[in-house]
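Shown below: protein-v8.tsv, with TSV, C-alpha atoms.
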chain	number	residue	atom	x	y	z
W	166	MET	CA	0.00	0.00	0.00
W	167	ALA	CA	1.44	3.37	-1.01
W	168	ALA	CA	0.94	6.73	0.63
W	169	LYS	CA	-2.53	8.09	-0.13
W	170	ILE	CA	-1.45	11.72	0.12
W	171	ALA	CA	0.07	13.41	-2.93
W	172	TYR	CA	3.12	15.62	-2.38
W	173	ASP	CA	1.70	18.35	-4.61
W	174	GLU	CA	-1.49	18.53	-2.52
W	175	VAL	CA	0.33	19.25	0.75
W	176	GLU	CA	1.49	22.67	1.92
W	177	VAL	CA	3.73	23.67	4.80
W	178	GLY	CA	1.40	24.32	7.72
W	179	THR	CA	-1.08	21.59	6.75
W	180	GLU	CA	-2.55	20.28	10.01
W	181	LEU	CA	-3.09	16.56	10.39
W	182	PRO	CA	-6.25	15.41	12.19
W	183	ALA	CA	-5.50	15.49	15.94
W	184	GLN	CA	-6.17	12.37	17.99
W	185	SER	CA	-6.41	11.40	21.65
W	186	PHE	CA	-5.24	8.05	22.95
W	187	PRO	CA	-6.46	6.70	26.31
W	188	VAL	CA	-3.96	4.75	28.43
W	189	THR	CA	-4.96	2.59	31.39
W	190	ARG	CA	-2.98	0.21	33.56
W	191	ALA	CA	-4.50	-2.63	31.51
W	192	THR	CA	-3.11	-1.00	28.35
W	193	LEU	CA	0.35	-0.97	29.92
W	194	VAL	CA	0.13	-4.65	30.91
W	195	ARG	CA	-0.84	-5.59	27.34
W	196	TYR	CA	2.00	-3.48	25.94
W	197	ALA	CA	4.47	-5.07	28.37
W	198	GLY	CA	3.41	-8.51	27.17
W	199	ALA	CA	3.79	-7.54	23.52
W	200	SER	CA	7.10	-5.72	23.94
W	201	GLY	CA	8.72	-7.84	26.64
W	202	ASP	CA	9.33	-4.71	28.76
W	203	PHE	CA	8.16	-5.75	32.22
W	204	ASN	CA	9.97	-2.98	34.13
W	205	PRO	CA	7.90	-2.53	37.32
W	206	ILE	CA	7.75	1.27	36.88
W	207	HIS	CA	5.12	0.50	34.25
W	208	TRP	CA	2.79	-1.56	36.46
W	209	ASN	CA	3.80	-1.46	40.15
W	210	GLU	CA	2.83	1.78	41.90
W	211	LYS	CA	4.83	1.00	45.06
W	212	PHE	CA	8.00	0.36	43.07
W	213	ALA	CA	7.50	3.43	40.85
W	214	VAL	CA	7.13	5.69	43.90
W	215	GLU	CA	10.16	4.09	45.60
W	216	VAL	CA	12.36	5.03	42.63
W	217	GLY	CA	11.14	8.64	42.69
W	218	LEU	CA	8.29	8.63	40.18
W	219	PRO	CA	4.90	10.12	41.06
W	220	ASP	CA	3.07	6.93	39.98
W	221	VAL	CA	3.19	4.23	37.31
W	222	ILE	CA	4.29	5.65	33.95
W	223	ALA	CA	3.63	4.56	30.39
W	224	HIS	CA	6.46	3.01	28.42
W	225	GLY	CA	8.31	5.65	26.43
W	226	MET	CA	8.19	3.54	23.27
W	227	PHE	CA	4.44	3.08	23.75
W	228	THR	CA	3.99	6.86	23.99
W	229	MET	CA	6.15	7.33	20.91
W	230	ALA	CA	4.15	4.72	18.97
W	231	GLU	CA	0.80	6.22	19.91
W	232	ALA	CA	1.95	9.67	18.78
W	233	VAL	CA	3.07	8.54	15.32
W	234	ARG	CA	-0.35	6.97	14.72
W	235	VAL	CA	-1.52	10.49	13.84
W	236	VAL	CA	0.95	10.43	10.94
W	237	THR	CA	0.35	6.85	9.80
W	238	ASP	CA	-3.43	7.34	9.87
W	239	TRP	CA	-3.06	10.53	7.82
W	240	VAL	CA	-0.72	9.10	5.19
W	241	GLY	CA	-2.51	5.73	4.97
W	242	ASP	CA	0.64	3.60	4.95
W	243	PRO	CA	2.91	3.05	7.98
W	244	ALA	CA	5.81	2.21	5.64
W	245	ALA	CA	5.65	5.78	4.27
W	246	VAL	CA	7.24	6.97	7.55
W	247	VAL	CA	10.93	6.82	6.62
W	248	GLU	CA	12.32	8.56	9.72
W	249	TYR	CA	10.92	9.20	13.18
W	250	GLY	CA	12.52	10.49	16.34
W	251	VAL	CA	11.55	12.09	19.63
W	252	ARG	CA	12.99	13.27	22.91
W	253	PHE	CA	11.19	12.15	26.03
W	254	THR	CA	10.44	15.28	28.07
W	255	LYS	CA	7.92	14.11	30.70
W	256	PRO	CA	6.47	10.71	31.51
W	257	VAL	CA	2.83	9.85	30.90
W	258	ILE	CA	1.55	9.18	34.43
W	259	VAL	CA	-1.14	6.51	34.48
W	260	PRO	CA	-3.33	6.48	37.61
W	261	ASN	CA	-4.91	3.25	38.81
W	262	ASP	CA	-8.52	4.07	37.94
W	263	GLU	CA	-11.01	3.49	35.12
W	264	THR	CA	-9.93	6.66	33.32
W	265	GLY	CA	-6.14	6.33	33.32
W	266	ALA	CA	-4.33	8.94	31.24
W	267	LEU	CA	-4.89	10.58	27.89
W	268	ILE	CA	-2.20	11.30	25.28
W	269	GLU	CA	-3.33	14.13	23.02
W	270	VAL	CA	-1.44	14.43	19.74
W	271	SER	CA	-1.48	17.12	17.09
W	272	ALA	CA	0.78	17.42	14.05
W	273	LYS	CA	1.48	19.63	11.08
W	274	VAL	CA	3.62	19.61	7.98
W	275	ALA	CA	6.67	21.68	8.90
W	276	ALA	CA	8.72	21.38	5.69
W	277	LYS	CA	8.60	20.05	2.16
W	278	LEU	CA	11.76	18.10	1.38
W	279	ASP	CA	13.17	16.55	-1.77
W	280	ASP	CA	12.02	13.23	-3.28
W	281	ASN	CA	8.33	13.84	-2.42
W	282	ARG	CA	9.04	13.79	1.30
W	283	VAL	CA	7.70	16.07	4.03
W	284	ARG	CA	8.71	16.63	7.63
W	285	VAL	CA	5.85	16.44	10.09
W	286	ASP	CA	6.27	17.93	13.56
W	287	LEU	CA	4.17	16.37	16.31
W	288	THR	CA	3.08	17.65	19.71
W	289	ALA	CA	2.12	15.11	22.37
W	290	VAL	CA	0.57	16.26	25.64
W	291	SER	CA	-0.71	14.40	28.68
W	292	ALA	CA	-2.26	16.06	31.75
W	293	GLY	CA	-1.35	19.46	30.33
W	294	GLN	CA	2.35	18.57	30.04
W	295	LYS	CA	4.31	18.13	26.83
W	296	VAL	CA	5.53	14.52	26.97
W	297	LEU	CA	7.55	14.37	23.74
W	298	GLY	CA	9.97	16.99	22.48
W	299	MET	CA	11.54	17.31	19.03
W	300	SER	CA	8.98	14.81	17.78
W	301	ARG	CA	9.46	14.67	14.02
W	302	ALA	CA	8.64	12.26	11.24
W	303	VAL	CA	9.79	12.28	7.63
W	304	VAL	CA	7.11	10.89	5.35
W	305	ALA	CA	7.36	9.78	1.72
W	306	LEU	CA	4.28	10.93	-0.17
W	307	ALA	CA	2.86	9.86	-3.53
With the file now loaded, output its structure as structure tokens.
Amino acid sequence: MAAKIAYDEVEVGTELPAQSFPVTRATLVRYAGASGDFNPIHWNEKFAVEVGLPDVIAHGMFTMAEAVRVVTDWVGDPAAVVEYGVRFTKPVIVPNDETGALIEVSAKVAAKLDDNRVRVDLTAVSAGQKVLGMSRAVVALA
């Protein structure tokens, strides 16, 4: 499947549809099973607090993956993302309740590059705090 977005149809400043991703403790347990990352800071509140965290936190790679879904949903093909990088600025704190946490992601085309590629800058926020910095994806368009 190729990218559904044509390079000529995209302008710098184009906003991608924003999305919100709920995260509960159950989500973290499922992610731990899939990824093999069973670090107790992601599921054991007592341990997380003992090591100086405010509560259980989401896996950084999980947060990163949820954020890039805004880009892959927009472009229509995950393989069109040819580069992706972030800096982790704050953890996503996941309380032990039915609500959990919410990762809110927005993105926009920041630059048109050569070879029908664009750079997309993402903003990911949870509980009013920016959780990813320098979050950028390079996407190959049609």
Identify which of the residues W:Gly293, W:Val177, W:Ile170, W:Gln184 lies closest to W:Glu231, counting all atoms listed in the file when measuring atom-to-atom distances.
W:Gln184
So, counting only C-alpha atoms, which residue among W:Val296, W:Val214, W:Ala171, W:Ala275 is closest to W:Thr228?
W:Val296
All residues 9 Å or closer to W:Lys169, only C-alpha atoms, same chain fewer than 5 positions away omitted, as a PDB file with C-alpha atoms, in the frame of the given file:
ATOM      1  CA  TRP W 239      -3.060  10.530   7.820  1.00  0.00           C
ATOM      2  CA  VAL W 240      -0.720   9.100   5.190  1.00  0.00           C
ATOM      3  CA  GLY W 241      -2.510   5.730   4.970  1.00  0.00           C
ATOM      4  CA  ASP W 242       0.640   3.600   4.950  1.00  0.00           C
ATOM      5  CA  LEU W 306       4.280  10.930  -0.170  1.00  0.00           C
ATOM      6  CA  ALA W 307       2.860   9.860  -3.530  1.00  0.00           C
TER       7      ALA W 307
END
Determine the nearest neighbour of W:Met229 from the options W:Ala183, W:Ala305, W:Val175, W:Leu287, counting all atoms listed in the file.
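Of W:Ala183, W:Ala305, W:Val175, W:Leu287, the one nearest W:Met229 is W:Leu287, counting all atoms listed in the file.
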Excluding same-chain residues fewer than 3 positions from W:Ala191, what lies within 10 Å of it counting all atoms listed in the file, as a list in words?
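Using all atoms listed in the file, the neighbours found are Val188, Val194, Arg195, Tyr196, Ala197, Trp208, Asn261, Glu263 and Gly265 of chain W.
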With only C-alpha atoms as the counted atoms, please give the residues lying no more than 7 Å from W:Ala272, apart from itself and same-chain residues fewer than 5 positions off, as an mmCIF file with C-alpha atoms, in the coordinates of the input.
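selection06.cif, freshly written:
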data_model
loop_
_atom_site.group_PDB
_atom_site.id
_atom_site.type_symbol
_atom_site.label_atom_id
_atom_site.label_comp_id
_atom_site.auth_asym_id
_atom_site.auth_seq_id
_atom_site.Cartn_x
_atom_site.Cartn_y
_atom_site.Cartn_z
ATOM 1 C CA GLU W 180 -2.550 20.280 10.010
ATOM 2 C CA LEU W 181 -3.090 16.560 10.390
ATOM 3 C CA ALA W 183 -5.500 15.490 15.940
ATOM 4 C CA VAL W 285 5.850 16.440 10.090
ATOM 5 C CA ASP W 286 6.270 17.930 13.560
ATOM 6 C CA LEU W 287 4.170 16.370 16.310
ATOM 7 C CA THR W 288 3.080 17.650 19.710
#
So how far away is atom CA of W:Asn281 from atom CA of W:Tyr172, in Å?
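According to the coordinates, atom CA of W:Tyr172 and atom CA of W:Asn281 are separated by 5.5 Å.
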Can you tell me how far atom CA of W:Lys255 sits from atom CA of W:Pro182, in Å to one decimal?
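Answer for the atom CA of W:Lys255 to atom CA of W:Pro182 separation: 23.3 Å.
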Distance in Å - atom CA of W:Pro260 versus atom CA of W:Gln294:
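About the pair atom CA of W:Pro260 and atom CA of W:Gln294: they are 15.4 Å apart.
Nearest-residue note for W:Glu210: choosing from W:Ile258, W:Ala245, W:Leu267, W:Ala167, the minimum distance belongs to W:Ile258, counting only C-alpha atoms.
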Could you list, as a PDB file with C-alpha atoms, in the frame of the given file, every residue within 12 Å of W:Ser200, counting only C-alpha atoms and ignoring same-chain residues fewer than 6 positions away?
ATOM      1  CA  LEU W 193       0.350  -0.970  29.920  1.00  0.00           C
ATOM      2  CA  VAL W 194       0.130  -4.650  30.910  1.00  0.00           C
ATOM      3  CA  HIS W 224       6.460   3.010  28.420  1.00  0.00           C
ATOM      4  CA  GLY W 225       8.310   5.650  26.430  1.00  0.00           C
ATOM      5  CA  MET W 226       8.190   3.540  23.270  1.00  0.00           C
ATOM      6  CA  PHE W 227       4.440   3.080  23.750  1.00  0.00           C
ATOM      7  CA  ALA W 230       4.150   4.720  18.970  1.00  0.00           C
TER       8      ALA W 230
END
Tell me, as a PyMOL selection string, which residues lie within 7 Å of W:Val283, counting all atoms listed in the file; anything in the same chain fewer than 5 positions away does not count.
chain W and resi 274+276-278+303-305
Have a look at W:Val221, W:Val247, W:Val216, W:Ala302 and name the one nearest to W:Thr189; count all atoms listed in the file.
W:Val221
Ranking W:Val236, W:Ile222, W:Val270, W:Val246 by minimum distance to W:Ser185 and counting all atoms listed in the file, which one comes first?
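Nearest to W:Ser185: W:Val270.
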Complete the atoms of stretch 235-246 of chain W to all heavy atoms and put them out as a PDB file, keeping the file's coordinate frame.
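Listing of result_27.pdb after writing:
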ATOM      1  N   VAL W 235      -0.923   9.332  14.507  1.00  0.00           N
ATOM      2  CA  VAL W 235      -1.520  10.490  13.840  1.00  0.00           C
ATOM      3  C   VAL W 235      -0.971  10.594  12.409  1.00  0.00           C
ATOM      4  O   VAL W 235      -1.711  10.866  11.461  1.00  0.00           O
ATOM      5  CB  VAL W 235      -1.268  11.785  14.644  1.00  0.00           C
ATOM      6  CG1 VAL W 235      -1.611  13.014  13.840  1.00  0.00           C
ATOM      7  CG2 VAL W 235      -2.058  11.753  15.944  1.00  0.00           C
ATOM      8  N   VAL W 236       0.310  10.345  12.260  1.00  0.00           N
ATOM      9  CA  VAL W 236       0.950  10.430  10.940  1.00  0.00           C
ATOM     10  C   VAL W 236       0.565   9.234  10.077  1.00  0.00           C
ATOM     11  O   VAL W 236       0.197   9.401   8.908  1.00  0.00           O
ATOM     12  CB  VAL W 236       2.488  10.531  11.085  1.00  0.00           C
ATOM     13  CG1 VAL W 236       3.161  10.564   9.718  1.00  0.00           C
ATOM     14  CG2 VAL W 236       2.874  11.747  11.908  1.00  0.00           C
ATOM     15  N   THR W 237       0.644   8.032  10.616  1.00  0.00           N
ATOM     16  CA  THR W 237       0.350   6.850   9.800  1.00  0.00           C
ATOM     17  C   THR W 237      -1.122   6.813   9.383  1.00  0.00           C
ATOM     18  O   THR W 237      -1.439   6.405   8.268  1.00  0.00           O
ATOM     19  CB  THR W 237       0.740   5.543  10.521  1.00  0.00           C
ATOM     20  OG1 THR W 237       0.047   5.438  11.764  1.00  0.00           O
ATOM     21  CG2 THR W 237       2.244   5.491  10.761  1.00  0.00           C
ATOM     22  N   ASP W 238      -2.018   7.268  10.252  1.00  0.00           N
ATOM     23  CA  ASP W 238      -3.430   7.340   9.870  1.00  0.00           C
ATOM     24  C   ASP W 238      -3.639   8.359   8.758  1.00  0.00           C
ATOM     25  O   ASP W 238      -4.429   8.138   7.831  1.00  0.00           O
ATOM     26  CB  ASP W 238      -4.310   7.694  11.077  1.00  0.00           C
ATOM     27  CG  ASP W 238      -4.449   6.559  12.063  1.00  0.00           C
ATOM     28  OD1 ASP W 238      -3.961   5.432  11.797  1.00  0.00           O
ATOM     29  OD2 ASP W 238      -5.048   6.784  13.141  1.00  0.00           O
ATOM     30  N   TRP W 239      -2.942   9.478   8.828  1.00  0.00           N
ATOM     31  CA  TRP W 239      -3.060  10.530   7.820  1.00  0.00           C
ATOM     32  C   TRP W 239      -2.537  10.064   6.461  1.00  0.00           C
ATOM     33  O   TRP W 239      -3.184  10.235   5.441  1.00  0.00           O
ATOM     34  CB  TRP W 239      -2.313  11.773   8.295  1.00  0.00           C
ATOM     35  CG  TRP W 239      -2.170  12.872   7.290  1.00  0.00           C
ATOM     36  CD1 TRP W 239      -3.163  13.690   6.813  1.00  0.00           C
ATOM     37  CD2 TRP W 239      -0.960  13.300   6.638  1.00  0.00           C
ATOM     38  NE1 TRP W 239      -2.640  14.598   5.913  1.00  0.00           N
ATOM     39  CE2 TRP W 239      -1.297  14.380   5.799  1.00  0.00           C
ATOM     40  CE3 TRP W 239       0.368  12.884   6.712  1.00  0.00           C
ATOM     41  CZ2 TRP W 239      -0.345  15.040   5.020  1.00  0.00           C
ATOM     42  CZ3 TRP W 239       1.312  13.546   5.943  1.00  0.00           C
ATOM     43  CH2 TRP W 239       0.951  14.613   5.107  1.00  0.00           C
ATOM     44  N   VAL W 240      -1.356   9.462   6.458  1.00  0.00           N
ATOM     45  CA  VAL W 240      -0.720   9.100   5.190  1.00  0.00           C
ATOM     46  C   VAL W 240      -1.284   7.804   4.618  1.00  0.00           C
ATOM     47  O   VAL W 240      -1.195   7.567   3.420  1.00  0.00           O
ATOM     48  CB  VAL W 240       0.822   9.045   5.354  1.00  0.00           C
ATOM     49  CG1 VAL W 240       1.277   7.788   6.072  1.00  0.00           C
ATOM     50  CG2 VAL W 240       1.522   9.182   4.024  1.00  0.00           C
ATOM     51  N   GLY W 241      -1.882   6.951   5.449  1.00  0.00           N
ATOM     52  CA  GLY W 241      -2.510   5.730   4.970  1.00  0.00           C
ATOM     53  C   GLY W 241      -1.596   4.541   4.795  1.00  0.00           C
ATOM     54  O   GLY W 241      -2.040   3.477   4.385  1.00  0.00           O
ATOM     55  N   ASP W 242      -0.310   4.702   5.105  1.00  0.00           N
ATOM     56  CA  ASP W 242       0.640   3.600   4.950  1.00  0.00           C
ATOM     57  C   ASP W 242       1.763   3.769   5.968  1.00  0.00           C
ATOM     58  O   ASP W 242       2.587   4.677   5.815  1.00  0.00           O
ATOM     59  CB  ASP W 242       1.204   3.584   3.533  1.00  0.00           C
ATOM     60  CG  ASP W 242       2.243   2.494   3.315  1.00  0.00           C
ATOM     61  OD1 ASP W 242       2.371   1.589   4.169  1.00  0.00           O
ATOM     62  OD2 ASP W 242       2.943   2.549   2.279  1.00  0.00           O
ATOM     63  N   PRO W 243       1.830   2.910   6.982  1.00  0.00           N
ATOM     64  CA  PRO W 243       2.910   3.050   7.980  1.00  0.00           C
ATOM     65  C   PRO W 243       4.307   3.011   7.373  1.00  0.00           C
ATOM     66  O   PRO W 243       5.221   3.651   7.889  1.00  0.00           O
ATOM     67  CB  PRO W 243       2.678   1.856   8.913  1.00  0.00           C
ATOM     68  CG  PRO W 243       1.247   1.480   8.725  1.00  0.00           C
ATOM     69  CD  PRO W 243       0.915   1.825   7.303  1.00  0.00           C
ATOM     70  N   ALA W 244       4.488   2.304   6.263  1.00  0.00           N
ATOM     71  CA  ALA W 244       5.810   2.210   5.640  1.00  0.00           C
ATOM     72  C   ALA W 244       6.232   3.529   4.998  1.00  0.00           C
ATOM     73  O   ALA W 244       7.405   3.704   4.650  1.00  0.00           O
ATOM     74  CB  ALA W 244       5.821   1.099   4.597  1.00  0.00           C
ATOM     75  N   ALA W 245       5.306   4.476   4.839  1.00  0.00           N
ATOM     76  CA  ALA W 245       5.650   5.780   4.270  1.00  0.00           C
ATOM     77  C   ALA W 245       6.449   6.628   5.260  1.00  0.00           C
ATOM     78  O   ALA W 245       7.089   7.598   4.864  1.00  0.00           O
ATOM     79  CB  ALA W 245       4.382   6.527   3.851  1.00  0.00           C
ATOM     80  N   VAL W 246       6.425   6.264   6.545  1.00  0.00           N
ATOM     81  CA  VAL W 246       7.240   6.970   7.550  1.00  0.00           C
ATOM     82  C   VAL W 246       8.658   6.435   7.422  1.00  0.00           C
ATOM     83  O   VAL W 246       8.932   5.297   7.787  1.00  0.00           O
ATOM     84  CB  VAL W 246       6.682   6.779   8.969  1.00  0.00           C
ATOM     85  CG1 VAL W 246       7.586   7.469   9.994  1.00  0.00           C
ATOM     86  CG2 VAL W 246       5.263   7.317   9.065  1.00  0.00           C
TER      87      VAL W 246
END
